[in-house]
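Next comes data.pdb, a file with PDB, C-alpha atoms.
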ATOM      1  CA  ASP A  21      79.796  85.384 174.588  1.00  0.00           C
ATOM      2  CA  LYS A  22      81.075  84.317 178.001  1.00  0.00           C
ATOM      3  CA  ILE A  23      77.749  82.842 179.158  1.00  0.00           C
ATOM      4  CA  GLY A  24      77.599  80.692 176.009  1.00  0.00           C
ATOM      5  CA  ALA A  25      81.187  79.521 176.564  1.00  0.00           C
ATOM      6  CA  ILE A  26      80.383  78.527 180.158  1.00  0.00           C
ATOM      7  CA  ASP A  27      77.248  76.719 178.946  1.00  0.00           C
ATOM      8  CA  GLY A  28      79.516  74.645 176.695  1.00  0.00           C
ATOM      9  CA  GLU A  29      81.901  73.876 179.568  1.00  0.00           C
ATOM     10  CA  VAL A  30      79.026  72.896 181.867  1.00  0.00           C
ATOM     11  CA  PHE A  31      77.570  70.574 179.215  1.00  0.00           C
ATOM     12  CA  SER A  32      80.986  68.957 178.648  1.00  0.00           C
ATOM     13  CA  MET A  33      81.495  68.410 182.387  1.00  0.00           C
ATOM     14  CA  GLU A  34      78.021  66.919 182.813  1.00  0.00           C
ATOM     15  CA  LYS A  35      78.694  64.541 179.904  1.00  0.00           C
ATOM     16  CA  THR A  36      82.040  63.452 181.390  1.00  0.00           C
ATOM     17  CA  ILE A  37      80.449  62.833 184.803  1.00  0.00           C
ATOM     18  CA  GLU A  38      77.647  60.821 183.178  1.00  0.00           C
ATOM     19  CA  ASP A  39      80.144  58.700 181.199  1.00  0.00           C
ATOM     20  CA  ASN A  40      82.258  58.161 184.319  1.00  0.00           C
ATOM     21  CA  ASN A  41      79.203  57.018 186.278  1.00  0.00           C
ATOM     22  CA  LYS A  42      78.406  54.462 183.571  1.00  0.00           C
ATOM     23  CA  GLN A  43      81.985  53.159 183.715  1.00  0.00           C
ATOM     24  CA  ILE A  44      81.846  53.024 187.529  1.00  0.00           C
ATOM     25  CA  GLU A  45      78.653  50.949 187.396  1.00  0.00           C
ATOM     26  CA  ALA A  46      80.188  48.601 184.796  1.00  0.00           C
ATOM     27  CA  LEU A  47      83.307  48.179 186.933  1.00  0.00           C
ATOM     28  CA  LYS A  48      81.136  47.567 189.987  1.00  0.00           C
ATOM     29  CA  ALA A  49      79.446  44.644 188.208  1.00  0.00           C
ATOM     30  CA  GLU A  50      82.819  43.289 187.044  1.00  0.00           C
ATOM     31  CA  ILE A  51      84.238  43.573 190.578  1.00  0.00           C
ATOM     32  CA  GLN A  52      81.263  41.702 192.036  1.00  0.00           C
ATOM     33  CA  ALA A  53      81.723  38.918 189.446  1.00  0.00           C
ATOM     34  CA  ALA A  54      85.467  38.734 190.176  1.00  0.00           C
ATOM     35  CA  GLU A  55      84.835  38.602 193.931  1.00  0.00           C
ATOM     36  CA  ALA A  56      82.370  35.728 193.410  1.00  0.00           C
ATOM     37  CA  GLU A  57      84.973  33.907 191.277  1.00  0.00           C
ATOM     38  CA  ALA A  58      87.620  34.513 193.955  1.00  0.00           C
ATOM     39  CA  GLU A  59      85.338  33.062 196.637  1.00  0.00           C
ATOM     40  CA  LYS A  60      84.678  29.996 194.463  1.00  0.00           C
ATOM     41  CA  LEU A  61      88.414  29.475 193.869  1.00  0.00           C
ATOM     42  CA  LYS A  62      89.114  29.926 197.566  1.00  0.00           C
ATOM     43  CA  LYS A  63      86.730  27.063 198.387  1.00  0.00           C
ATOM     44  CA  GLU A  64      88.248  24.884 195.634  1.00  0.00           C
ATOM     45  CA  ILE A  65      91.766  25.508 196.944  1.00  0.00           C
ATOM     46  CA  LEU A  66      90.724  24.744 200.509  1.00  0.00           C
ATOM     47  CA  HIS A  67      89.072  21.493 199.410  1.00  0.00           C
ATOM     48  CA  LYS A  68      92.096  20.394 197.367  1.00  0.00           C
ATOM     49  CA  GLU A  69      94.483  21.316 200.170  1.00  0.00           C
ATOM     50  CA  GLU A  70      92.482  19.158 202.557  1.00  0.00           C
ATOM     51  CA  LEU A  71      92.521  16.243 200.077  1.00  0.00           C
ATOM     52  CA  LEU A  72      96.266  16.596 199.529  1.00  0.00           C
ATOM     53  CA  ALA A  73      96.928  16.852 203.256  1.00  0.00           C
ATOM     54  CA  GLY A  74      94.917  13.658 203.763  1.00  0.00           C
ATOM     55  CA  ARG A  75      96.925  11.901 201.059  1.00  0.00           C
ATOM     56  CA  ILE A  76     100.222  13.013 202.623  1.00  0.00           C
ATOM     57  CA  ARG A  77      99.136  11.876 206.087  1.00  0.00           C
ATOM     58  CA  GLY A  78      98.038   8.525 204.648  1.00  0.00           C
ATOM     59  CA  MET A  79     101.345   8.074 202.823  1.00  0.00           C
ATOM     60  CA  TYR A  80     103.319   8.926 205.961  1.00  0.00           C
ATOM     61  CA  LYS A  81     101.374   6.430 208.075  1.00  0.00           C
ATOM     62  CA  SER A  82     101.685   3.640 205.476  1.00  0.00           C
ATOM     63  CA  GLY A  83     105.412   4.117 204.961  1.00  0.00           C
ATOM     64  CA  GLY A  84     105.157   6.134 201.768  1.00  0.00           C
ATOM     65  CA  GLN A  85     107.291   5.122 198.807  1.00  0.00           C
ATOM     66  CA  ARG A  86     108.928   2.356 200.878  1.00  0.00           C
ATOM     67  CA  ASP A  87     105.523   0.697 201.257  1.00  0.00           C
ATOM     68  CA  TYR A  88     104.925   1.019 197.503  1.00  0.00           C
ATOM     69  CA  LEU A  89     108.297  -0.660 196.795  1.00  0.00           C
ATOM     70  CA  THR A  90     107.531  -3.476 199.260  1.00  0.00           C
ATOM     71  CA  ALA A  91     104.178  -4.055 197.603  1.00  0.00           C
ATOM     72  CA  ILE A  92     105.855  -4.365 194.194  1.00  0.00           C
ATOM     73  CA  LEU A  93     108.631  -6.695 195.416  1.00  0.00           C
ATOM     74  CA  ASN A  94     106.111  -8.983 197.116  1.00  0.00           C
ATOM     75  CA  SER A  95     104.308  -9.652 193.838  1.00  0.00           C
ATOM     76  CA  ASP A  96     103.330 -13.347 193.380  1.00  0.00           C
ATOM     77  CA  SER A  97     103.823 -13.317 189.626  1.00  0.00           C
ATOM     78  CA  PHE A  98     104.810 -11.092 186.745  1.00  0.00           C
ATOM     79  CA  SER A  99     101.182 -10.301 185.983  1.00  0.00           C
ATOM     80  CA  ASP A 100     100.674  -9.456 189.670  1.00  0.00           C
ATOM     81  CA  PHE A 101     103.813  -7.295 189.493  1.00  0.00           C
ATOM     82  CA  ILE A 102     102.437  -5.397 186.464  1.00  0.00           C
ATOM     83  CA  ALA A 103      99.047  -4.939 188.131  1.00  0.00           C
ATOM     84  CA  ARG A 104     100.635  -3.570 191.305  1.00  0.00           C
ATOM     85  CA  VAL A 105     102.923  -1.207 189.370  1.00  0.00           C
ATOM     86  CA  ARG A 106      99.903   0.116 187.447  1.00  0.00           C
ATOM     87  CA  ALA A 107      97.877   0.536 190.639  1.00  0.00           C
ATOM     88  CA  ILE A 108     100.688   2.421 192.388  1.00  0.00           C
ATOM     89  CA  SER A 109     101.299   4.542 189.274  1.00  0.00           C
ATOM     90  CA  LYS A 110      97.622   5.416 189.244  1.00  0.00           C
ATOM     91  CA  ILE A 111      97.768   6.462 192.914  1.00  0.00           C
ATOM     92  CA  ILE A 112     100.883   8.575 192.299  1.00  0.00           C
ATOM     93  CA  GLY A 113      99.307  10.006 189.135  1.00  0.00           C
ATOM     94  CA  THR A 114      96.179  10.975 191.098  1.00  0.00           C
ATOM     95  CA  ASP A 115      98.364  12.729 193.670  1.00  0.00           C
ATOM     96  CA  ASN A 116     100.277  14.581 190.940  1.00  0.00           C
ATOM     97  CA  LYS A 117      97.034  15.565 189.227  1.00  0.00           C
ATOM     98  CA  LEU A 118      95.702  16.893 192.530  1.00  0.00           C
ATOM     99  CA  ILE A 119      98.893  18.922 193.022  1.00  0.00           C
ATOM    100  CA  ASP A 120      98.654  20.300 189.453  1.00  0.00           C
ATOM    101  CA  GLU A 121      94.989  21.253 189.977  1.00  0.00           C
ATOM    102  CA  LEU A 122      95.853  22.925 193.270  1.00  0.00           C
ATOM    103  CA  ASN A 123      98.640  24.930 191.631  1.00  0.00           C
ATOM    104  CA  ALA A 124      96.323  25.876 188.749  1.00  0.00           C
ATOM    105  CA  SER A 125      93.646  27.042 191.199  1.00  0.00           C
ATOM    106  CA  ARG A 126      96.208  29.110 193.092  1.00  0.00           C
ATOM    107  CA  GLU A 127      97.421  30.716 189.851  1.00  0.00           C
ATOM    108  CA  ALA A 128      93.819  31.474 188.867  1.00  0.00           C
ATOM    109  CA  MET A 129      93.222  32.999 192.297  1.00  0.00           C
ATOM    110  CA  ASN A 130      96.314  35.219 191.946  1.00  0.00           C
ATOM    111  CA  LYS A 131      95.125  36.334 188.512  1.00  0.00           C
ATOM    112  CA  VAL A 132      91.659  37.196 189.850  1.00  0.00           C
ATOM    113  CA  LYS A 133      93.247  39.136 192.734  1.00  0.00           C
ATOM    114  CA  GLU A 134      95.364  41.123 190.260  1.00  0.00           C
ATOM    115  CA  GLU A 135      92.280  41.874 188.126  1.00  0.00           C
ATOM    116  CA  LEU A 136      90.382  42.973 191.224  1.00  0.00           C
ATOM    117  CA  LEU A 137      93.233  45.294 192.183  1.00  0.00           C
ATOM    118  CA  VAL A 138      93.279  46.876 188.702  1.00  0.00           C
ATOM    119  CA  LYS A 139      89.484  47.264 188.573  1.00  0.00           C
ATOM    120  CA  ASN A 140      89.305  48.735 192.090  1.00  0.00           C
ATOM    121  CA  GLU A 141      92.058  51.223 191.232  1.00  0.00           C
ATOM    122  CA  ALA A 142      90.259  52.179 187.994  1.00  0.00           C
ATOM    123  CA  GLN A 143      86.983  52.644 189.870  1.00  0.00           C
ATOM    124  CA  GLU A 144      88.656  54.754 192.558  1.00  0.00           C
ATOM    125  CA  LYS A 145      90.336  56.901 189.884  1.00  0.00           C
ATOM    126  CA  LEU A 146      86.985  57.547 188.170  1.00  0.00           C
ATOM    127  CA  LYS A 147      85.343  58.441 191.501  1.00  0.00           C
ATOM    128  CA  LYS A 148      88.092  60.964 192.292  1.00  0.00           C
ATOM    129  CA  GLU A 149      87.826  62.425 188.791  1.00  0.00           C
ATOM    130  CA  ASN A 150      84.060  62.789 189.269  1.00  0.00           C
ATOM    131  CA  GLU A 151      84.576  64.543 192.609  1.00  0.00           C
ATOM    132  CA  LYS A 152      86.863  67.096 190.943  1.00  0.00           C
ATOM    133  CA  LYS A 153      84.486  67.498 187.989  1.00  0.00           C
ATOM    134  CA  LEU A 154      81.513  68.029 190.309  1.00  0.00           C
ATOM    135  CA  GLN A 155      83.418  70.690 192.221  1.00  0.00           C
ATOM    136  CA  SER A 156      84.393  72.446 188.972  1.00  0.00           C
ATOM    137  CA  LEU A 157      80.808  72.102 187.749  1.00  0.00           C
ATOM    138  CA  GLU A 158      79.445  73.840 190.854  1.00  0.00           C
ATOM    139  CA  GLU A 159      81.985  76.649 190.407  1.00  0.00           C
ATOM    140  CA  LYS A 160      81.058  77.068 186.733  1.00  0.00           C
ATOM    141  CA  ARG A 161      77.333  77.094 187.547  1.00  0.00           C
ATOM    142  CA  ALA A 162      77.918  79.763 190.192  1.00  0.00           C
ATOM    143  CA  GLU A 163      79.910  81.814 187.651  1.00  0.00           C
ATOM    144  CA  GLN A 164      77.154  81.254 185.084  1.00  0.00           C
ATOM    145  CA  ASN A 165      74.440  82.433 187.504  1.00  0.00           C
ATOM    146  CA  ALA A 166      76.481  85.526 188.405  1.00  0.00           C
ATOM    147  CA  LEU A 167      76.917  86.438 184.731  1.00  0.00           C
ATOM    148  CA  VAL A 168      73.204  85.923 184.016  1.00  0.00           C
ATOM    149  CA  THR A 169      72.289  88.142 186.977  1.00  0.00           C
ATOM    150  CA  GLN A 170      74.747  90.788 185.785  1.00  0.00           C
ATOM    151  CA  ALA A 171      73.396  90.629 182.227  1.00  0.00           C
ATOM    152  CA  ARG A 172      69.823  91.044 183.460  1.00  0.00           C
ATOM    153  CA  ALA A 173      70.826  94.048 185.563  1.00  0.00           C
ATOM    154  CA  GLU A 174      72.596  95.615 182.558  1.00  0.00           C
ATOM    155  CA  ARG A 175      69.560  94.988 180.339  1.00  0.00           C
ATOM    156  CA  ALA A 176      67.334  96.613 182.962  1.00  0.00           C
ATOM    157  CA  LEU A 177      69.563  99.725 182.983  1.00  0.00           C
ATOM    158  CA  ILE A 178      69.542  99.835 179.193  1.00  0.00           C
ATOM    159  CA  GLN A 179      65.757  99.497 179.242  1.00  0.00           C
ATOM    160  CA  VAL A 180      65.447 102.459 181.629  1.00  0.00           C
ATOM    161  CA  ASP A 181      67.771 104.633 179.527  1.00  0.00           C
ATOM    162  CA  LEU A 182      65.980 103.674 176.307  1.00  0.00           C
ATOM    163  CA  GLU A 183      62.611 104.384 177.869  1.00  0.00           C
ATOM    164  CA  LYS A 184      63.827 107.865 178.821  1.00  0.00           C
ATOM    165  CA  GLU A 185      65.178 108.554 175.336  1.00  0.00           C
ATOM    166  CA  GLU A 186      62.039 107.332 173.577  1.00  0.00           C
ATOM    167  CA  GLY A 187      59.868 109.186 176.085  1.00  0.00           C
ATOM    168  CA  ALA A 188      61.675 112.430 175.310  1.00  0.00           C
ATOM    169  CA  LEU A 189      60.943 111.945 171.590  1.00  0.00           C
ATOM    170  CA  VAL A 190      57.203 111.579 172.063  1.00  0.00           C
ATOM    171  CA  ASP A 191      56.633 113.930 175.003  1.00  0.00           C
ATOM    172  CA  PHE A 192      56.058 117.064 172.879  1.00  0.00           C
ATOM    173  CA  PRO A 193      53.616 115.662 170.266  1.00  0.00           C
ATOM    174  CA  ILE A 194      51.685 113.903 173.047  1.00  0.00           C
ATOM    175  CA  SER A 195      51.524 117.156 175.054  1.00  0.00           C
ATOM    176  CA  VAL A 196      50.163 118.967 171.981  1.00  0.00           C
ATOM    177  CA  ILE A 197      47.460 116.324 171.461  1.00  0.00           C
ATOM    178  CA  ASN A 198      46.494 116.372 175.159  1.00  0.00           C
ATOM    179  CA  SER A 199      46.716 120.145 175.599  1.00  0.00           C
ATOM    180  CA  GLY A 200      43.088 120.837 174.672  1.00  0.00           C
ATOM    181  CA  SER A 201      44.030 124.229 173.207  1.00  0.00           C
ATOM    182  CA  ALA A 202      46.019 123.166 170.094  1.00  0.00           C
ATOM    183  CA  ALA A 203      44.681 123.790 166.613  1.00  0.00           C
ATOM    184  CA  ASP A 204      43.357 120.867 164.568  1.00  0.00           C
ATOM    185  CA  ASN A 205      46.275 120.979 162.159  1.00  0.00           C
ATOM    186  CA  GLU A 206      48.752 120.979 165.097  1.00  0.00           C
ATOM    187  CA  ILE A 207      47.016 117.950 166.585  1.00  0.00           C
ATOM    188  CA  GLN A 208      47.036 116.127 163.213  1.00  0.00           C
ATOM    189  CA  ASN A 209      50.711 116.921 162.694  1.00  0.00           C
ATOM    190  CA  SER A 210      51.479 115.573 166.165  1.00  0.00           C
ATOM    191  CA  ILE A 211      49.507 112.389 165.435  1.00  0.00           C
ATOM    192  CA  ASN A 212      51.411 111.936 162.154  1.00  0.00           C
ATOM    193  CA  THR A 213      54.692 112.407 164.026  1.00  0.00           C
ATOM    194  CA  LEU A 214      53.721 109.742 166.581  1.00  0.00           C
ATOM    195  CA  VAL A 215      52.624 107.323 163.833  1.00  0.00           C
ATOM    196  CA  ASN A 216      56.005 107.704 162.147  1.00  0.00           C
ATOM    197  CA  LEU A 217      57.893 107.351 165.428  1.00  0.00           C
ATOM    198  CA  ARG A 218      55.964 104.299 166.601  1.00  0.00           C
ATOM    199  CA  SER A 219      57.661 101.892 164.188  1.00  0.00           C
ATOM    200  CA  SER A 220      61.030 102.598 165.839  1.00  0.00           C
ATOM    201  CA  ILE A 221      59.819 102.494 169.478  1.00  0.00           C
ATOM    202  CA  VAL A 222      60.749  99.290 171.347  1.00  0.00           C
ATOM    203  CA  THR A 223      59.780  99.971 174.977  1.00  0.00           C
ATOM    204  CA  ALA A 224      56.254  98.825 175.814  1.00  0.00           C
ATOM    205  CA  SER A 225      55.483 101.691 178.183  1.00  0.00           C
ATOM    206  CA  VAL A 226      56.313 104.412 175.639  1.00  0.00           C
ATOM    207  CA  ASP A 227      54.488 102.513 172.888  1.00  0.00           C
ATOM    208  CA  GLY A 228      51.444 102.393 175.132  1.00  0.00           C
ATOM    209  CA  ARG A 229      51.565 106.171 175.632  1.00  0.00           C
ATOM    210  CA  VAL A 230      51.846 106.740 171.861  1.00  0.00           C
ATOM    211  CA  GLN A 231      48.963 104.401 171.080  1.00  0.00           C
ATOM    212  CA  SER A 232      46.760 106.080 173.702  1.00  0.00           C
ATOM    213  CA  ALA A 233      47.559 109.546 172.319  1.00  0.00           C
ATOM    214  CA  ILE A 234      46.857 108.509 168.712  1.00  0.00           C
ATOM    215  CA  ASN A 235      43.518 106.971 169.619  1.00  0.00           C
TER     216      ASN A 235
END

What does this structure look like when you write it as structure tokens?
Amino acid sequence: DKIGAIDGEVFSMEKTIEDNNKQIEALKAEIQAAEAEAEKLKKEILHKEELLAGRIRGMYKSGGQRDYLTAILNSDSFSDFIARVRAISKIIGTDNKLIDELNASREAMNKVKEELLVKNEAQEKLKKENEKKLQSLEEKRAEQNALVTQARAERALIQVDLEKEEGALVDFPISVINSGSAADNEIQNSINTLVNLRSSIVTASVDGRVQSAIN
């Protein structure tokens, strides 16, 4: 029936909304974790940028690569030359490593930002879907309530009609029993009629009349 079909739709909608809410909560936790990671990377990038800026300023003030070349050419011996080359290579290597780390941190930050964008869009999509589902759910519940009210009204009308029909069946034998002037055999026949009819009577009011007359 239609009420049963709507019950099924309502249950399905409630299940979808519940599942969506679970996904929204999971995404919320993931977004919070990603935001924390983004904040951490932001601080790392800022720190590395400050270090690199300091290195660049120091190189500019000291003459940069020219100063490195002068230091190598002014070596006192071959062993001193090798030591200075290694020292300068180490400095340059540290700078390159810092640049690589900075680039890696920036790439990680971009990746986290992209993930955040995707997760926020997914969360927003689920919220909008829930809003539509909730609206549809309210409409279905209203339709369900209207159908239940209508069904109850129809049952009440059927009950009244049935009560009238059953009442008409028992009115005569009850009137004979209650007349006070009927013969014993007429009364017994009327009681037998009511006993036979009672098994098919469904309305409580008529059944009560029959039982009272029989007793």

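In this structure, atom CA of A:Ala162 sits 16.1 Å away from atom CA of A:Ser32.
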
Would you mind listing what lies within 12 Å of A:Ala171 as number ranges by chain, with all atoms listed in the file counted and same-chain residues fewer than 6 positions away left out? A: 21-23, 164-165, 177-178

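The residue set within 8 Å of stretch 57-65 of chain A, counting all atoms listed in the file and dropping same-chain residues fewer than 4 places from it, reads Ala53, Glu69, Leu122, Ser125, Arg126, Ala128, Met129, Val132 and Lys133 of chain A.
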
Any chance you could work out the residue set of the PyMOL selection byres ((chain A and resi 187) around 10) here, as number ranges by chain? A: 181-186, 188-192, 194, 221, 223, 225-227, 229-230

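In this structure, atom CA of A:Leu136 sits 7.6 Å away from atom CA of A:Glu55.
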
Your completed stretch 23-34 of chain A with all heavy atoms, as a CSV table (one decimal), in the coordinates of the input:
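See rebuild-v9.csv below for the written result:
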chain,number,residue,atom,x,y,z
A,23,ILE,N,78.8,83.7,178.6
A,23,ILE,CA,77.7,82.8,179.2
A,23,ILE,C,77.6,81.6,178.3
A,23,ILE,O,77.5,80.5,178.8
A,23,ILE,CB,76.4,83.6,179.3
A,23,ILE,CG1,76.5,84.7,180.3
A,23,ILE,CG2,75.3,82.6,179.6
A,23,ILE,CD1,75.2,85.5,180.4
A,24,GLY,N,77.7,81.8,177.0
A,24,GLY,CA,77.6,80.7,176.0
A,24,GLY,C,78.8,79.8,176.2
A,24,GLY,O,78.6,78.5,176.1
A,25,ALA,N,80.0,80.3,176.4
A,25,ALA,CA,81.2,79.5,176.6
A,25,ALA,C,81.1,78.7,177.8
A,25,ALA,O,81.4,77.5,177.8
A,25,ALA,CB,82.4,80.4,176.6
A,26,ILE,N,80.6,79.3,178.9
A,26,ILE,CA,80.4,78.5,180.2
A,26,ILE,C,79.3,77.4,180.0
A,26,ILE,O,79.5,76.3,180.5
A,26,ILE,CB,80.0,79.5,181.3
A,26,ILE,CG1,81.2,80.4,181.6
A,26,ILE,CG2,79.6,78.7,182.6
A,26,ILE,CD1,80.9,81.5,182.7
A,27,ASP,N,78.3,77.7,179.2
A,27,ASP,CA,77.2,76.7,178.9
A,27,ASP,C,77.9,75.5,178.3
A,27,ASP,O,77.6,74.3,178.6
A,27,ASP,CB,76.2,77.3,178.0
A,27,ASP,CG,75.2,78.2,178.7
A,27,ASP,OD1,75.1,78.1,180.0
A,27,ASP,OD2,74.5,79.0,178.1
A,28,GLY,N,78.8,75.7,177.4
A,28,GLY,CA,79.5,74.6,176.7
A,28,GLY,C,80.4,73.8,177.7
A,28,GLY,O,80.4,72.6,177.6
A,29,GLU,N,81.1,74.5,178.6
A,29,GLU,CA,81.9,73.9,179.6
A,29,GLU,C,81.0,73.0,180.5
A,29,GLU,O,81.4,71.9,180.9
A,29,GLU,CB,82.7,74.9,180.4
A,29,GLU,CG,83.8,75.6,179.6
A,29,GLU,CD,84.6,76.6,180.4
A,29,GLU,OE1,84.9,76.3,181.5
A,29,GLU,OE2,84.8,77.7,179.9
A,30,VAL,N,79.9,73.6,180.9
A,30,VAL,CA,79.0,72.9,181.9
A,30,VAL,C,78.5,71.6,181.2
A,30,VAL,O,78.5,70.6,181.8
A,30,VAL,CB,77.9,73.8,182.3
A,30,VAL,CG1,76.8,73.0,183.0
A,30,VAL,CG2,78.4,74.9,183.2
A,31,PHE,N,78.1,71.7,179.9
A,31,PHE,CA,77.6,70.6,179.2
A,31,PHE,C,78.6,69.5,179.1
A,31,PHE,O,78.4,68.3,179.3
A,31,PHE,CB,77.1,71.0,177.8
A,31,PHE,CG,76.6,69.9,177.0
A,31,PHE,CD1,75.4,69.3,177.1
A,31,PHE,CD2,77.5,69.3,176.0
A,31,PHE,CE1,74.9,68.3,176.3
A,31,PHE,CE2,77.1,68.2,175.2
A,31,PHE,CZ,75.8,67.7,175.4
A,32,SER,N,79.9,69.9,178.8
A,32,SER,CA,81.0,69.0,178.6
A,32,SER,C,81.3,68.2,180.0
A,32,SER,O,81.5,67.0,180.0
A,32,SER,CB,82.2,69.7,178.2
A,32,SER,OG,83.3,68.8,178.1
A,33,MET,N,81.3,69.0,181.1
A,33,MET,CA,81.5,68.4,182.4
A,33,MET,C,80.4,67.4,182.8
A,33,MET,O,80.7,66.3,183.3
A,33,MET,CB,81.6,69.5,183.5
A,33,MET,CG,82.9,70.3,183.4
A,33,MET,SD,82.9,71.6,184.7
A,33,MET,CE,84.4,72.5,184.2
A,34,GLU,N,79.2,67.8,182.5
A,34,GLU,CA,78.0,66.9,182.8
A,34,GLU,C,78.1,65.6,182.0
A,34,GLU,O,77.8,64.5,182.5
A,34,GLU,CB,76.7,67.6,182.5
A,34,GLU,CG,76.4,68.7,183.5
A,34,GLU,CD,75.1,69.5,183.1
A,34,GLU,OE1,74.8,69.5,181.9
A,34,GLU,OE2,74.6,70.2,184.0
